[in-house]
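Next comes coords-v3.csv, a file with CSV, C-alpha atoms.
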```
chain,number,residue,atom,x,y,z
A,1,MET,CA,7.8,21.2,-38.2
A,2,PRO,CA,4.6,20.9,-40.3
A,3,HIS,CA,3.6,17.3,-41.2
A,4,ASP,CA,3.2,18.1,-44.9
A,5,HIS,CA,6.9,19.0,-45.3
A,6,HIS,CA,8.4,16.0,-47.1
A,7,GLU,CA,11.6,17.5,-48.6
A,8,PRO,CA,14.5,15.0,-49.0
A,9,GLU,CA,16.7,17.1,-46.7
A,10,ASP,CA,14.5,16.0,-43.8
A,11,ILE,CA,16.4,12.6,-43.9
A,12,HIS,CA,19.5,14.6,-43.1
A,13,ASN,CA,17.7,16.2,-40.3
A,14,ASN,CA,16.9,12.7,-39.0
A,15,LEU,CA,13.2,13.2,-39.6
A,16,SER,CA,10.8,10.6,-41.0
A,17,PRO,CA,8.6,11.4,-44.1
A,18,SER,CA,5.8,12.3,-41.6
A,19,GLY,CA,8.0,14.9,-40.0
A,20,HIS,CA,8.8,13.1,-36.8
A,21,PRO,CA,12.3,12.3,-35.6
A,22,TYR,CA,13.4,8.7,-36.1
A,23,ARG,CA,13.5,6.7,-32.9
A,24,THR,CA,17.0,5.5,-32.0
A,25,ASP,CA,17.6,1.8,-32.0
A,26,ASP,CA,18.3,0.2,-28.7
A,27,ASP,CA,21.7,-1.0,-29.7
A,28,THR,CA,23.0,-0.9,-26.1
A,29,PRO,CA,24.6,-3.8,-24.1
A,30,LEU,CA,22.2,-5.8,-21.9
A,31,SER,CA,22.1,-4.7,-18.3
A,32,TYR,CA,23.0,-6.9,-15.4
A,33,TRP,CA,19.4,-7.7,-14.7
A,34,GLN,CA,18.4,-8.3,-18.3
A,35,VAL,CA,21.2,-10.9,-18.5
A,36,MET,CA,20.0,-12.4,-15.2
A,37,GLU,CA,16.4,-12.6,-16.5
A,38,ILE,CA,17.4,-14.3,-19.7
A,39,SER,CA,19.7,-16.7,-17.9
A,40,VAL,CA,17.1,-17.8,-15.3
A,41,ARG,CA,14.4,-18.1,-18.0
A,42,GLU,CA,16.6,-20.3,-20.2
A,43,LEU,CA,17.7,-22.4,-17.3
A,44,LEU,CA,14.1,-23.0,-16.2
A,45,ALA,CA,13.3,-24.1,-19.8
A,46,GLU,CA,16.3,-26.3,-20.1
A,47,LYS,CA,15.5,-28.1,-16.9
A,48,GLY,CA,11.9,-28.6,-18.1
A,49,ILE,CA,10.4,-26.5,-15.2
A,50,THR,CA,8.6,-24.2,-17.7
A,51,THR,CA,8.5,-23.5,-21.4
A,52,ALA,CA,8.5,-20.4,-23.6
A,53,ARG,CA,4.9,-21.1,-24.5
A,54,GLU,CA,3.9,-21.2,-20.8
A,55,ILE,CA,5.7,-17.9,-20.2
A,56,THR,CA,3.9,-16.3,-23.2
A,57,ALA,CA,0.6,-17.6,-22.0
A,58,GLN,CA,1.2,-16.1,-18.6
A,59,ILE,CA,2.0,-12.7,-20.2
A,60,ASP,CA,-1.1,-12.9,-22.3
A,61,LYS,CA,-3.1,-13.7,-19.2
A,62,MET,CA,-1.7,-10.6,-17.4
A,63,ASP,CA,-2.3,-8.4,-20.4
A,64,ALA,CA,-5.9,-9.6,-20.6
A,65,ARG,CA,-6.7,-8.3,-17.2
A,66,SER,CA,-8.1,-4.8,-17.3
A,67,PRO,CA,-9.9,-2.3,-15.1
A,68,ILE,CA,-13.2,-3.7,-16.4
A,69,ASN,CA,-12.8,-6.5,-13.9
A,70,GLY,CA,-12.6,-4.0,-11.0
A,71,ALA,CA,-15.5,-1.9,-12.6
A,72,GLN,CA,-17.7,-5.0,-12.5
A,73,VAL,CA,-16.9,-5.5,-8.8
A,74,VAL,CA,-17.8,-1.8,-8.1
A,75,ALA,CA,-21.0,-1.9,-10.1
A,76,ARG,CA,-22.1,-5.0,-8.3
A,77,ALA,CA,-21.3,-3.4,-4.9
A,78,TRP,CA,-23.5,-0.4,-5.8
A,79,CYS,CA,-26.4,-2.7,-6.7
A,80,ASP,CA,-26.2,-5.7,-4.5
A,81,PRO,CA,-26.2,-5.0,-0.7
A,82,GLN,CA,-25.3,-8.6,0.2
A,83,PHE,CA,-22.3,-8.5,-2.1
A,84,TYR,CA,-21.3,-5.0,-0.8
A,85,ALA,CA,-21.3,-6.4,2.8
A,86,ALA,CA,-19.2,-9.4,1.7
A,87,LEU,CA,-16.8,-7.1,-0.2
A,88,MET,CA,-16.2,-4.8,2.8
A,89,ASN,CA,-15.8,-7.8,5.1
A,90,ASP,CA,-13.3,-9.8,2.9
A,91,ALA,CA,-12.7,-8.4,-0.6
A,92,SER,CA,-10.4,-11.3,-1.6
A,93,THR,CA,-13.1,-13.9,-1.0
A,94,ALA,CA,-15.9,-11.8,-2.4
A,95,THR,CA,-14.1,-11.1,-5.7
A,96,ARG,CA,-12.9,-14.7,-6.0
A,97,ASP,CA,-16.5,-15.9,-5.4
A,98,MET,CA,-17.6,-13.5,-8.2
A,99,GLY,CA,-15.4,-15.6,-10.5
A,100,PHE,CA,-12.2,-13.5,-10.8
A,101,ASP,CA,-8.8,-15.3,-10.8
A,102,ILE,CA,-7.2,-13.1,-8.2
A,103,GLY,CA,-4.5,-15.7,-7.2
A,104,ALA,CA,-3.0,-15.0,-3.9
A,105,LEU,CA,-4.1,-11.4,-3.9
A,106,LYS,CA,-5.1,-10.1,-0.4
A,107,LEU,CA,-7.5,-7.4,-1.2
A,108,ILE,CA,-9.1,-4.6,1.0
A,109,ALA,CA,-11.9,-2.5,-0.4
A,110,VAL,CA,-12.2,1.1,0.9
A,111,GLU,CA,-15.3,3.0,0.2
A,112,ASN,CA,-15.7,6.7,-0.6
A,113,THR,CA,-18.6,8.5,1.1
A,114,ASP,CA,-19.9,12.0,1.4
A,115,ASP,CA,-17.3,12.6,4.1
A,116,VAL,CA,-14.3,10.4,3.1
A,117,HIS,CA,-12.3,10.1,-0.1
A,118,ASN,CA,-9.7,7.2,-0.3
A,119,MET,CA,-6.5,7.2,-2.4
A,120,ILE,CA,-4.0,4.4,-3.0
A,121,VAL,CA,-0.3,4.6,-3.3
A,122,CYS,CA,2.7,2.3,-2.8
A,123,THR,CA,5.7,4.4,-1.6
A,124,LEU,CA,8.1,1.5,-1.3
A,125,CYS,CA,7.7,0.1,-4.8
A,126,SER,CA,4.5,-0.1,-7.0
A,127,CYS,CA,2.1,-2.6,-5.4
A,128,TYR,CA,-1.1,-2.6,-7.3
A,129,PRO,CA,-4.1,-5.0,-7.5
A,130,ARG,CA,-3.0,-6.3,-10.9
A,131,ASN,CA,-5.1,-9.4,-10.8
A,132,LEU,CA,-8.2,-7.2,-10.6
A,133,LEU,CA,-7.2,-4.0,-12.4
A,134,GLY,CA,-4.5,-5.1,-14.9
A,135,LEU,CA,-1.1,-3.4,-15.2
A,136,PRO,CA,-0.7,-0.1,-13.3
A,137,PRO,CA,-0.4,3.2,-15.2
A,138,ASP,CA,3.1,4.4,-15.6
A,139,TRP,CA,2.5,7.5,-13.3
A,140,TYR,CA,1.5,5.2,-10.5
A,141,LYS,CA,5.1,3.8,-10.4
A,142,SER,CA,6.7,7.3,-10.7
A,143,ARG,CA,8.7,8.7,-7.8
A,144,ALA,CA,6.7,11.9,-8.0
A,145,TYR,CA,3.3,10.1,-7.4
A,146,ARG,CA,4.7,7.8,-4.8
A,147,SER,CA,6.4,10.5,-2.7
A,148,ARG,CA,3.9,13.3,-3.1
A,149,THR,CA,0.7,11.3,-2.5
A,150,VAL,CA,1.6,10.7,1.2
A,151,ARG,CA,2.8,14.3,1.6
A,152,GLU,CA,0.3,16.4,-0.3
A,153,PRO,CA,-2.5,14.2,-1.5
A,154,ARG,CA,-4.8,17.2,-2.2
A,155,SER,CA,-2.3,18.8,-4.5
A,156,VAL,CA,-1.9,15.5,-6.4
A,157,LEU,CA,-5.7,15.1,-6.6
A,158,ALA,CA,-6.0,18.7,-7.9
A,159,GLU,CA,-3.6,17.9,-10.8
A,160,PHE,CA,-6.0,15.0,-11.7
A,161,GLY,CA,-8.8,17.6,-11.7
A,162,VAL,CA,-10.3,16.3,-8.4
A,163,THR,CA,-10.8,18.7,-5.5
A,164,PHE,CA,-12.5,18.4,-2.1
A,165,PRO,CA,-13.5,20.8,0.7
A,166,SER,CA,-11.3,20.5,3.8
A,167,SER,CA,-14.4,19.0,5.5
A,168,THR,CA,-13.9,15.9,3.3
A,169,GLN,CA,-11.3,13.6,4.9
A,170,ILE,CA,-8.7,12.3,2.5
A,171,ARG,CA,-7.5,8.8,3.5
A,172,VAL,CA,-4.3,7.8,1.8
A,173,HIS,CA,-3.5,4.1,1.9
A,174,ASP,CA,0.2,3.2,1.5
A,175,SER,CA,0.4,-0.5,0.4
A,176,THR,CA,3.6,-1.1,2.3
A,177,ALA,CA,3.3,-4.9,2.8
A,178,ASP,CA,1.0,-7.7,1.9
A,179,MET,CA,-2.4,-6.1,1.2
A,180,ARG,CA,-3.6,-4.5,-2.1
A,181,TYR,CA,-6.4,-2.0,-2.2
A,182,ILE,CA,-9.3,-1.0,-4.4
A,183,VAL,CA,-11.3,2.1,-3.9
A,184,ILE,CA,-15.1,1.8,-4.2
A,185,PRO,CA,-16.0,5.2,-5.7
A,186,LYS,CA,-19.2,7.0,-4.9
A,187,ARG,CA,-22.1,6.0,-7.1
A,188,PRO,CA,-22.8,9.1,-9.3
A,189,ILE,CA,-26.0,11.0,-8.5
A,190,GLY,CA,-28.8,10.4,-10.9
A,191,THR,CA,-27.8,6.8,-11.7
A,192,GLU,CA,-30.4,5.2,-9.4
A,193,ASN,CA,-32.4,3.7,-12.2
A,194,MET,CA,-29.4,2.4,-14.2
A,195,LEU,CA,-28.8,-1.3,-14.4
A,196,GLN,CA,-25.6,-3.0,-13.0
A,197,ASN,CA,-24.3,-3.8,-16.5
A,198,ASP,CA,-24.6,-0.1,-17.6
A,199,LEU,CA,-23.0,1.2,-14.4
A,200,VAL,CA,-19.8,-0.8,-15.2
A,201,GLY,CA,-19.0,1.8,-17.9
A,202,LEU,CA,-19.0,4.6,-15.4
A,203,VAL,CA,-16.2,3.1,-13.2
A,204,THR,CA,-12.8,4.3,-14.4
A,205,ARG,CA,-9.4,2.9,-13.5
A,206,ASP,CA,-8.5,6.1,-11.8
A,207,SER,CA,-11.7,6.1,-9.7
A,208,MET,CA,-10.6,2.7,-8.3
A,209,ILE,CA,-7.1,4.1,-7.5
A,210,GLY,CA,-8.8,7.2,-5.9
A,211,THR,CA,-7.2,9.7,-8.3
A,212,GLY,CA,-10.5,10.1,-10.1
A,213,LEU,CA,-14.3,9.9,-9.6
A,214,ALA,CA,-16.8,7.6,-11.3
A,215,ILE,CA,-18.2,9.2,-14.5
A,216,THR,CA,-21.5,11.0,-14.3
A,217,PRO,CA,-23.3,10.0,-17.5
A,218,SER,CA,-23.6,12.8,-20.1
A,219,THR,CA,-27.3,12.2,-20.5
A,220,ILE,CA,-27.7,13.2,-16.8
A,221,ILE,CA,-25.6,16.3,-17.3
A,222,GLU,CA,-27.7,17.2,-20.4
A,223,GLU,CA,-30.9,16.7,-18.4
A,224,ARG,CA,-29.7,19.0,-15.7
A,225,GLN,CA,-28.7,21.7,-18.2
A,226,THR,CA,-32.2,21.6,-19.8
A,227,PRO,CA,-34.4,24.2,-18.0
B,1,MET,CA,-8.1,1.5,19.8
B,2,GLN,CA,-4.5,0.6,20.5
B,3,LYS,CA,-2.1,3.6,20.2
B,4,VAL,CA,1.3,2.6,18.8
B,5,ARG,CA,4.6,4.1,17.9
B,6,VAL,CA,6.6,2.9,14.9
B,7,LYS,CA,10.1,2.2,16.3
B,8,PRO,CA,12.6,4.8,15.2
B,9,LEU,CA,15.1,2.2,13.9
B,10,MET,CA,17.2,2.6,10.7
B,11,PRO,CA,18.5,-0.9,10.1
B,12,PRO,CA,20.3,-1.8,6.9
B,13,GLY,CA,18.7,-4.1,4.3
B,14,HIS,CA,15.2,-4.9,3.1
B,15,VAL,CA,12.4,-3.7,5.4
B,16,ARG,CA,8.9,-2.8,4.6
B,17,THR,CA,8.4,0.0,7.1
B,18,PRO,CA,8.7,3.3,5.3
B,19,ALA,CA,11.3,5.7,6.7
B,20,TYR,CA,8.8,8.6,6.8
B,21,LEU,CA,6.7,6.8,9.4
B,22,ARG,CA,9.5,5.7,11.8
B,23,GLY,CA,9.0,7.3,15.2
B,24,LYS,CA,5.4,8.3,14.3
B,25,ILE,CA,2.4,7.6,16.5
B,26,GLY,CA,-0.8,6.1,15.2
B,27,ILE,CA,-3.6,3.7,16.1
B,28,ILE,CA,-4.2,0.2,14.9
B,29,GLU,CA,-7.0,0.4,12.4
B,30,ARG,CA,-7.3,-3.4,12.0
B,31,SER,CA,-5.1,-6.4,12.4
B,32,LEU,CA,-4.5,-8.5,9.3
B,33,GLY,CA,-3.2,-11.9,10.7
B,34,THR,CA,0.3,-13.2,10.2
B,35,PHE,CA,2.5,-13.1,7.1
B,36,PRO,CA,6.0,-14.5,6.4
B,37,ASN,CA,8.6,-11.9,7.6
B,38,PRO,CA,9.6,-10.0,4.5
B,39,GLU,CA,12.9,-9.0,6.1
B,40,ALA,CA,13.9,-12.7,5.9
B,41,LEU,CA,12.0,-13.6,2.6
B,42,ALA,CA,14.0,-10.9,0.8
B,43,TYR,CA,17.2,-12.9,1.4
B,44,GLY,CA,15.8,-16.4,0.7
B,45,VAL,CA,16.2,-17.6,4.3
B,46,ALA,CA,13.5,-19.2,6.5
B,47,ALA,CA,10.8,-16.6,7.3
B,48,SER,CA,8.7,-16.9,10.4
B,49,ASP,CA,5.1,-15.8,10.4
B,50,LEU,CA,4.7,-12.3,12.0
B,51,PRO,CA,1.5,-10.3,12.9
B,52,LEU,CA,0.8,-7.5,10.5
B,53,HIS,CA,-1.3,-4.4,11.4
B,54,ARG,CA,-2.9,-1.6,9.5
B,55,VAL,CA,-1.9,1.6,11.4
B,56,ARG,CA,-3.7,4.9,10.9
B,57,PHE,CA,-1.9,8.1,11.3
B,58,THR,CA,-3.3,11.6,10.9
B,59,MET,CA,-1.4,13.8,8.5
B,60,SER,CA,-0.5,16.1,11.4
B,61,ASP,CA,1.0,13.0,13.2
B,62,VAL,CA,3.2,12.4,10.2
B,63,TRP,CA,4.1,15.9,8.9
B,64,GLU,CA,3.3,18.1,11.9
B,65,GLY,CA,2.9,21.7,10.9
B,66,ASN,CA,3.6,21.0,7.3
B,67,ALA,CA,0.5,18.8,6.8
B,68,GLU,CA,-1.6,19.9,3.9
B,69,ASN,CA,-4.8,19.2,6.0
B,70,PRO,CA,-4.1,18.0,9.5
B,71,ASN,CA,-7.2,15.8,9.7
B,72,ASP,CA,-6.5,13.8,6.6
B,73,THR,CA,-5.2,10.3,7.4
B,74,LEU,CA,-2.6,7.9,6.2
B,75,ASP,CA,-2.9,4.1,6.6
B,76,ALA,CA,0.1,1.8,6.3
B,77,GLU,CA,0.7,-1.9,7.0
B,78,ILE,CA,3.4,-2.3,9.7
B,79,TYR,CA,4.7,-5.5,11.1
B,80,GLU,CA,4.2,-5.9,14.8
B,81,HIS,CA,8.0,-6.1,15.6
B,82,TRP,CA,8.2,-2.5,14.4
B,83,LEU,CA,5.5,-1.3,16.8
B,84,GLU,CA,5.6,-0.4,20.4
B,85,PRO,CA,2.6,0.4,22.6
B,86,VAL,CA,2.0,4.0,23.6
B,87,ASP,CA,0.4,4.4,27.0
B,88,ALA,CA,-2.7,6.7,27.0
B,89,THR,CA,-1.8,9.8,29.0
```
Once more with this new file: its structure as structure tokens, please.
Amino acid sequence: MPHDHHEPEDIHNNLSPSGHPYRTDDDTPLSYWQVMEISVRELLAEKGITTAREITAQIDKMDARSPINGAQVVARAWCDPQFYAALMNDASTATRDMGFDIGALKLIAVENTDDVHNMIVCTLCSCYPRNLLGLPPDWYKSRAYRSRTVREPRSVLAEFGVTFPSSTQIRVHDSTADMRYIVIPKRPIGTENMLQNDLVGLVTRDSMIGTGLAITPSTIIEERQTP
Amino acid sequence: MQKVRVKPLMPPGHVRTPAYLRGKIGIIERSLGTFPNPEALAYGVAASDLPLHRVRFTMSDVWEGNAENPNDTLDAEIYEHWLEPVDAT
């Protein structure tokens, strides 16, 4: 249906003036768990344990966390050998010392090298280092990603556009219990002279889950293409 | 490195040992200290602190002939009461 087709009969076809179907209202009864959540939340407020304002503030705090936090950790690990050593030794302490509010997060950093590529999954639920990377992408929580990553990680990676020779060892980490993981992607070739602050922009969310690689800056690609 | 087998148990209720690893043999990659037993925490009863280990399996340990690449590995956190030592033979 073309977008410039605004005839009145579209309303009868349940299409908006822009040619898209109207979204149905969620006029469905609350589920058992929705009722449970509302009941517990209202009880906690009634008893003075928390307030609606505190809950909203907490949601805002979680929404404010983004992969930039993790990208700053990675960029520093690339540039600062002392920090890199501390991060590999105890990632929780190293990131907390860097000033991130990681709460009770128990973090392990796993590093990609020429021979090893790491990839994170949680088969049992959807454990993710939220305090450092923000909310997980929807696909991370999907049954397909969770079940396939432990079984055929290379096929999953290929669908993300990432392929490795069989000589590169893929290490899948299943966050089954109390630890959370962050992948330290390989520093792209040709970025040796870049400053830490500029490197942050090369570290994507997916590169820290292991389904992607750090970005090779376009200027470097252009330089290589120039004879 | 300590070689271990994940006990091939199928108990009911909340456990954090994935079914696909039960009965599989791996090595302890590192030990993580103790954490409250999730199998008790899940039911709101007193949980004792139990040792937790990261166990590394090769994909051929886990999927045998169906492994995509036998030398790729899979690490998972397994509570000690789910592990039994495997004698080197």
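If you look at CA of Val200 in chain A and CA of Asn118 in chain A, they are 19.7 Å away from each other.
Distance-wise, CA of Met1 in chain B and CA of Val183 in chain A end up 23.9 Å apart.
Excluding Arg205 in chain A itself and any same-chain residue fewer than 4 positions from it, the protein and nucleic acid residues within 9 Å of it, counting all atoms listed in the file, are Ser66, Pro67, Ile68, Gly70, Ala71, Leu133, Ile209, Gly210, Thr211 and Gly212 of chain A.
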Worksheet item: Residues of chain B within 12 Å of chain A, using all atoms listed in the file, as number ranges by chain?
Response: B: 14-21, 29-39, 50-79
Worksheet item: If you count only C-alpha atoms, which residues fall within 7 Å of Leu9 in chain B, apart from same-chain ones fewer than 2 positions away, as a ChimeraX atom specification?
Response: /B:7,11,22
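From CA of Trp139 in chain A back to CA of Pro21 in chain A, the distance works out to 24.8 Å.
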Worksheet item: Of the candidates B:Ala46, B:Asp87, B:His81, B:Gln2, which one gets nearest to Ile27 in chain B if we count only C-alpha atoms?
Response: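 For Ile27 in chain B, the nearest of the candidates is B:Gln2.
Closest approach to Ser92 in chain A among A:Met208, A:Ile55, A:Leu132, A:Ile215 is made by A:Leu132 (distances from only C-alpha atoms).
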Practice prompt. Take the point (-15.0, 6.2, -4.3) as written in the file and pick out every residue within 6 Å of it, counting all atoms listed in the file; give the list as a list in words.
Written response: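 Output: Glu111, Asn112, Val183, Ile184, Pro185 and Lys186 of chain A.
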